[in-house]
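A.B. asks: Following this message is one structure expressed as structure tokens.
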Amino acid sequence: MDISIHSSFLPQDDPDAAKAFYRDTLGFEVRNEVGYNEMVWITVGPVGQPDTNIVLHPPAAAPGLTDDERRTIAEMMAKGTFASLLLATKDLDGTFDKVQASALK
């Protein structure tokens with residue numbers, strides 16, 4: 001069986017900041033951006049890996065969520081515990097320094 005991961009979904013509550021981080025800090029391509037009302041979905045991915053996508057989505061778009069669940073998701077996102085993504089790089093120190101520097105802006 002040959003299975004690959006096509007897309008992963010990560011919540012975002014600030015589309016401009018999310019796009020800036022993945023595009024400007026990590027160097028990912030912005031592949032698609034779709035808006036509906038005040039919600040925005042952004043698809044990004046690493047250059048040279050067109051079959052690997054990260055969809056940055058508004059967490060409020062999930063159907064059937066209660067107000068309590070939305071509050072819990074917002075609290076977990078603020079703490080960084082709602083979702084995760086593992087990335088790899090050959091230059092960990094350089095990448096770490098670049099990500100840290102972008103947080104200071």
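Each chain of the structure tokens is named A, B, ... in the order shown, its residues numbered from 1; ligands are numbered from 1 in display order.
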Write out as a VMD selection string the residues lying within 10 Å of range 76-91 of chain A, counting only C-alpha atoms and excluding same-chain residues fewer than 3 positions away.

C.D. replies: chain A and resid 8 to 13 54 59 70 to 73 94 to 96

A.B. asks: Do you know which residues are at most 6 Å from Val44 in chain A counting only C-alpha atoms, after dropping those on the same chain fewer than 4 positions away, and could you put them as a list in words?

C.D. replies: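 Contacts, with the query itself left out: Glu29, Val30, Arg31, Asn53 and Ile54 of chain A.
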
A.B. asks: Please write the residues from the selection above to a file, keeping all heavy atoms, as a PDB file, in the first residue's frame.

C.D. replies:
ATOM      1  N   GLU A  29       5.418  28.425   0.289  1.00  0.00           N
ATOM      2  CA  GLU A  29       4.606  29.031  -0.763  1.00  0.00           C
ATOM      3  C   GLU A  29       3.170  29.160  -0.263  1.00  0.00           C
ATOM      4  O   GLU A  29       2.660  28.265   0.403  1.00  0.00           O
ATOM      5  CB  GLU A  29       4.572  28.140  -2.005  1.00  0.00           C
ATOM      6  CG  GLU A  29       5.900  27.890  -2.643  1.00  0.00           C
ATOM      7  CD  GLU A  29       5.818  26.860  -3.756  1.00  0.00           C
ATOM      8  OE1 GLU A  29       5.102  25.857  -3.620  1.00  0.00           O
ATOM      9  OE2 GLU A  29       6.509  27.080  -4.758  1.00  0.00           O
ATOM     10  N   VAL A  30       2.532  30.269  -0.615  1.00  0.00           N
ATOM     11  CA  VAL A  30       1.095  30.394  -0.405  1.00  0.00           C
ATOM     12  C   VAL A  30       0.445  29.853  -1.664  1.00  0.00           C
ATOM     13  O   VAL A  30       0.663  30.372  -2.757  1.00  0.00           O
ATOM     14  CB  VAL A  30       0.673  31.861  -0.151  1.00  0.00           C
ATOM     15  CG1 VAL A  30      -0.841  31.966  -0.055  1.00  0.00           C
ATOM     16  CG2 VAL A  30       1.334  32.384   1.112  1.00  0.00           C
ATOM     17  N   ARG A  31      -0.309  28.790  -1.525  1.00  0.00           N
ATOM     18  CA  ARG A  31      -0.852  28.089  -2.698  1.00  0.00           C
ATOM     19  C   ARG A  31      -2.301  28.413  -2.979  1.00  0.00           C
ATOM     20  O   ARG A  31      -2.765  28.277  -4.109  1.00  0.00           O
ATOM     21  CB  ARG A  31      -0.671  26.588  -2.509  1.00  0.00           C
ATOM     22  CG  ARG A  31       0.815  26.241  -2.395  1.00  0.00           C
ATOM     23  CD  ARG A  31       1.082  24.789  -2.409  1.00  0.00           C
ATOM     24  NE  ARG A  31       2.521  24.575  -2.388  1.00  0.00           N
ATOM     25  CZ  ARG A  31       3.082  23.553  -1.807  1.00  0.00           C
ATOM     26  NH1 ARG A  31       2.358  22.636  -1.203  1.00  0.00           N
ATOM     27  NH2 ARG A  31       4.397  23.431  -1.827  1.00  0.00           N
ATOM     28  N   ASN A  53       0.735  19.881   1.733  1.00  0.00           N
ATOM     29  CA  ASN A  53       0.016  21.114   2.004  1.00  0.00           C
ATOM     30  C   ASN A  53      -0.352  21.223   3.472  1.00  0.00           C
ATOM     31  O   ASN A  53      -0.674  20.228   4.122  1.00  0.00           O
ATOM     32  CB  ASN A  53      -1.273  21.161   1.185  1.00  0.00           C
ATOM     33  CG  ASN A  53      -0.999  21.142  -0.293  1.00  0.00           C
ATOM     34  OD1 ASN A  53      -0.555  22.130  -0.854  1.00  0.00           O
ATOM     35  ND2 ASN A  53      -1.245  20.009  -0.938  1.00  0.00           N
ATOM     36  N   ILE A  54      -0.354  22.448   3.962  1.00  0.00           N
ATOM     37  CA  ILE A  54      -0.876  22.763   5.287  1.00  0.00           C
ATOM     38  C   ILE A  54      -2.014  23.745   5.053  1.00  0.00           C
ATOM     39  O   ILE A  54      -1.815  24.801   4.447  1.00  0.00           O
ATOM     40  CB  ILE A  54       0.199  23.400   6.183  1.00  0.00           C
ATOM     41  CG1 ILE A  54       1.390  22.457   6.359  1.00  0.00           C
ATOM     42  CG2 ILE A  54      -0.400  23.782   7.536  1.00  0.00           C
ATOM     43  CD1 ILE A  54       2.604  23.116   6.969  1.00  0.00           C
TER      44      ILE A  54
END

A.B. asks: Could you please write out, as number ranges by chain, every residue of chain A that DSSP assigns to helix (DSSP H, G or I)?

C.D. replies: A: 15-25, 59-61, 67-79, 92-103

A.B. asks: Excluding Gly35 in chain A and residues on its chain fewer than 2 positions from it, collect all residues at most 12 Å away from it, counting only C-alpha atoms, and give them as an MDAnalysis selection string.

C.D. replies: chainID A and resid 15 32:33 37:43 56:58 61

A.B. asks: Work out how far apart CA of Tyr22 in chain A and CA of Gly45 in chain A are and give it in Å to one decimal.

C.D. replies: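 Separating CA of Tyr22 in chain A from CA of Gly45 in chain A is a distance of 8.3 Å.
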
A.B. asks: Select from range 3-63 of chain A everything DSSP, run on the backbone, classes as strand (DSSP E or B), then give the selection as a PDB file with N, CA, C and O atoms, in the first residue's frame.

C.D. replies:
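Result saved to selection-v7.pdb:
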ATOM      1  N   SER A   7      -2.583  16.738   2.864  1.00  0.00           N
ATOM      2  CA  SER A   7      -2.841  17.978   3.582  1.00  0.00           C
ATOM      3  C   SER A   7      -2.970  17.728   5.069  1.00  0.00           C
ATOM      4  O   SER A   7      -3.504  16.705   5.489  1.00  0.00           O
ATOM      5  N   SER A   8      -2.497  18.688   5.831  1.00  0.00           N
ATOM      6  CA  SER A   8      -2.708  18.727   7.270  1.00  0.00           C
ATOM      7  C   SER A   8      -3.434  20.031   7.563  1.00  0.00           C
ATOM      8  O   SER A   8      -3.244  21.027   6.861  1.00  0.00           O
ATOM      9  N   PHE A   9      -4.230  20.043   8.601  1.00  0.00           N
ATOM     10  CA  PHE A   9      -5.023  21.217   8.928  1.00  0.00           C
ATOM     11  C   PHE A   9      -4.602  21.766  10.284  1.00  0.00           C
ATOM     12  O   PHE A   9      -4.512  21.022  11.265  1.00  0.00           O
ATOM     13  N   LEU A  10      -4.308  23.053  10.302  1.00  0.00           N
ATOM     14  CA  LEU A  10      -3.959  23.739  11.535  1.00  0.00           C
ATOM     15  C   LEU A  10      -4.881  24.941  11.701  1.00  0.00           C
ATOM     16  O   LEU A  10      -5.140  25.668  10.736  1.00  0.00           O
ATOM     17  N   PRO A  11      -5.371  25.171  12.910  1.00  0.00           N
ATOM     18  CA  PRO A  11      -6.233  26.331  13.120  1.00  0.00           C
ATOM     19  C   PRO A  11      -5.416  27.623  13.144  1.00  0.00           C
ATOM     20  O   PRO A  11      -4.253  27.625  13.539  1.00  0.00           O
ATOM     21  N   GLU A  29       5.418  28.425   0.289  1.00  0.00           N
ATOM     22  CA  GLU A  29       4.606  29.031  -0.763  1.00  0.00           C
ATOM     23  C   GLU A  29       3.170  29.160  -0.263  1.00  0.00           C
ATOM     24  O   GLU A  29       2.660  28.265   0.403  1.00  0.00           O
ATOM     25  N   VAL A  30       2.532  30.269  -0.615  1.00  0.00           N
ATOM     26  CA  VAL A  30       1.095  30.394  -0.405  1.00  0.00           C
ATOM     27  C   VAL A  30       0.445  29.853  -1.664  1.00  0.00           C
ATOM     28  O   VAL A  30       0.663  30.372  -2.757  1.00  0.00           O
ATOM     29  N   ARG A  31      -0.309  28.790  -1.525  1.00  0.00           N
ATOM     30  CA  ARG A  31      -0.852  28.089  -2.698  1.00  0.00           C
ATOM     31  C   ARG A  31      -2.301  28.413  -2.979  1.00  0.00           C
ATOM     32  O   ARG A  31      -2.765  28.277  -4.109  1.00  0.00           O
ATOM     33  N   ASN A  32      -3.010  28.802  -1.947  1.00  0.00           N
ATOM     34  CA  ASN A  32      -4.424  29.125  -2.133  1.00  0.00           C
ATOM     35  C   ASN A  32      -4.871  29.954  -0.942  1.00  0.00           C
ATOM     36  O   ASN A  32      -4.370  29.792   0.166  1.00  0.00           O
ATOM     37  N   GLU A  33      -5.806  30.834  -1.190  1.00  0.00           N
ATOM     38  CA  GLU A  33      -6.404  31.623  -0.114  1.00  0.00           C
ATOM     39  C   GLU A  33      -7.870  31.844  -0.471  1.00  0.00           C
ATOM     40  O   GLU A  33      -8.180  32.385  -1.531  1.00  0.00           O
ATOM     41  N   VAL A  34      -8.735  31.394   0.411  1.00  0.00           N
ATOM     42  CA  VAL A  34     -10.171  31.471   0.154  1.00  0.00           C
ATOM     43  C   VAL A  34     -10.847  32.102   1.360  1.00  0.00           C
ATOM     44  O   VAL A  34     -10.577  31.714   2.506  1.00  0.00           O
ATOM     45  N   GLY A  35     -11.713  33.056   1.102  1.00  0.00           N
ATOM     46  CA  GLY A  35     -12.437  33.696   2.192  1.00  0.00           C
ATOM     47  C   GLY A  35     -13.931  33.485   2.060  1.00  0.00           C
ATOM     48  O   GLY A  35     -14.463  33.343   0.957  1.00  0.00           O
ATOM     49  N   TYR A  36     -14.584  33.452   3.199  1.00  0.00           N
ATOM     50  CA  TYR A  36     -16.047  33.374   3.254  1.00  0.00           C
ATOM     51  C   TYR A  36     -16.489  34.155   4.471  1.00  0.00           C
ATOM     52  O   TYR A  36     -16.083  33.816   5.598  1.00  0.00           O
ATOM     53  N   MET A  39     -14.141  34.694   7.518  1.00  0.00           N
ATOM     54  CA  MET A  39     -13.233  33.558   7.701  1.00  0.00           C
ATOM     55  C   MET A  39     -12.334  33.391   6.479  1.00  0.00           C
ATOM     56  O   MET A  39     -12.749  33.649   5.365  1.00  0.00           O
ATOM     57  N   VAL A  40     -11.091  32.939   6.737  1.00  0.00           N
ATOM     58  CA  VAL A  40     -10.124  32.756   5.653  1.00  0.00           C
ATOM     59  C   VAL A  40      -9.408  31.417   5.835  1.00  0.00           C
ATOM     60  O   VAL A  40      -8.960  31.093   6.930  1.00  0.00           O
ATOM     61  N   TRP A  41      -9.326  30.664   4.739  1.00  0.00           N
ATOM     62  CA  TRP A  41      -8.555  29.424   4.684  1.00  0.00           C
ATOM     63  C   TRP A  41      -7.343  29.706   3.801  1.00  0.00           C
ATOM     64  O   TRP A  41      -7.471  30.231   2.700  1.00  0.00           O
ATOM     65  N   ILE A  42      -6.160  29.338   4.262  1.00  0.00           N
ATOM     66  CA  ILE A  42      -4.930  29.577   3.504  1.00  0.00           C
ATOM     67  C   ILE A  42      -4.195  28.245   3.384  1.00  0.00           C
ATOM     68  O   ILE A  42      -3.967  27.566   4.385  1.00  0.00           O
ATOM     69  N   THR A  43      -3.831  27.890   2.166  1.00  0.00           N
ATOM     70  CA  THR A  43      -3.038  26.676   1.949  1.00  0.00           C
ATOM     71  C   THR A  43      -1.608  27.088   1.663  1.00  0.00           C
ATOM     72  O   THR A  43      -1.355  27.899   0.770  1.00  0.00           O
ATOM     73  N   VAL A  44      -0.683  26.533   2.437  1.00  0.00           N
ATOM     74  CA  VAL A  44       0.743  26.807   2.265  1.00  0.00           C
ATOM     75  C   VAL A  44       1.473  25.473   2.149  1.00  0.00           C
ATOM     76  O   VAL A  44       0.931  24.420   2.495  1.00  0.00           O
ATOM     77  N   GLY A  45       2.697  25.541   1.683  1.00  0.00           N
ATOM     78  CA  GLY A  45       3.503  24.327   1.613  1.00  0.00           C
ATOM     79  C   GLY A  45       4.940  24.653   1.306  1.00  0.00           C
ATOM     80  O   GLY A  45       5.256  25.732   0.794  1.00  0.00           O
ATOM     81  N   ASN A  53       0.735  19.881   1.733  1.00  0.00           N
ATOM     82  CA  ASN A  53       0.016  21.114   2.004  1.00  0.00           C
ATOM     83  C   ASN A  53      -0.352  21.223   3.472  1.00  0.00           C
ATOM     84  O   ASN A  53      -0.674  20.228   4.122  1.00  0.00           O
ATOM     85  N   ILE A  54      -0.354  22.448   3.962  1.00  0.00           N
ATOM     86  CA  ILE A  54      -0.876  22.763   5.287  1.00  0.00           C
ATOM     87  C   ILE A  54      -2.014  23.745   5.053  1.00  0.00           C
ATOM     88  O   ILE A  54      -1.815  24.801   4.447  1.00  0.00           O
ATOM     89  N   VAL A  55      -3.182  23.392   5.518  1.00  0.00           N
ATOM     90  CA  VAL A  55      -4.341  24.268   5.393  1.00  0.00           C
ATOM     91  C   VAL A  55      -4.528  24.975   6.731  1.00  0.00           C
ATOM     92  O   VAL A  55      -4.774  24.330   7.751  1.00  0.00           O
ATOM     93  N   LEU A  56      -4.371  26.281   6.719  1.00  0.00           N
ATOM     94  CA  LEU A  56      -4.548  27.106   7.907  1.00  0.00           C
ATOM     95  C   LEU A  56      -6.002  27.553   7.906  1.00  0.00           C
ATOM     96  O   LEU A  56      -6.424  28.319   7.037  1.00  0.00           O
ATOM     97  N   HIS A  57      -6.766  27.046   8.837  1.00  0.00           N
ATOM     98  CA  HIS A  57      -8.213  27.238   8.788  1.00  0.00           C
ATOM     99  C   HIS A  57      -8.732  27.958  10.025  1.00  0.00           C
ATOM    100  O   HIS A  57      -8.131  27.895  11.101  1.00  0.00           O
TER     101      HIS A  57
END

A.B. asks: For a quick check of understanding, using only C-alpha atoms, which of A:Ala74, A:Ala103, A:Val47, A:Ala60 has the smallest distance to Phe21 in chain A?

C.D. replies: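 Among the listed residues, the smallest separation from Phe21 in chain A belongs to A:Ala103.
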
A.B. asks: For each of A:Ala62, A:Leu92, A:Val99, A:Ile5, take the minimum atom-to-atom distance to Leu26 in chain A, counting only C-alpha atoms, then give the residue where this is smallest.

C.D. replies: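 Result for the nearest residue to Leu26 in chain A: A:Val99.
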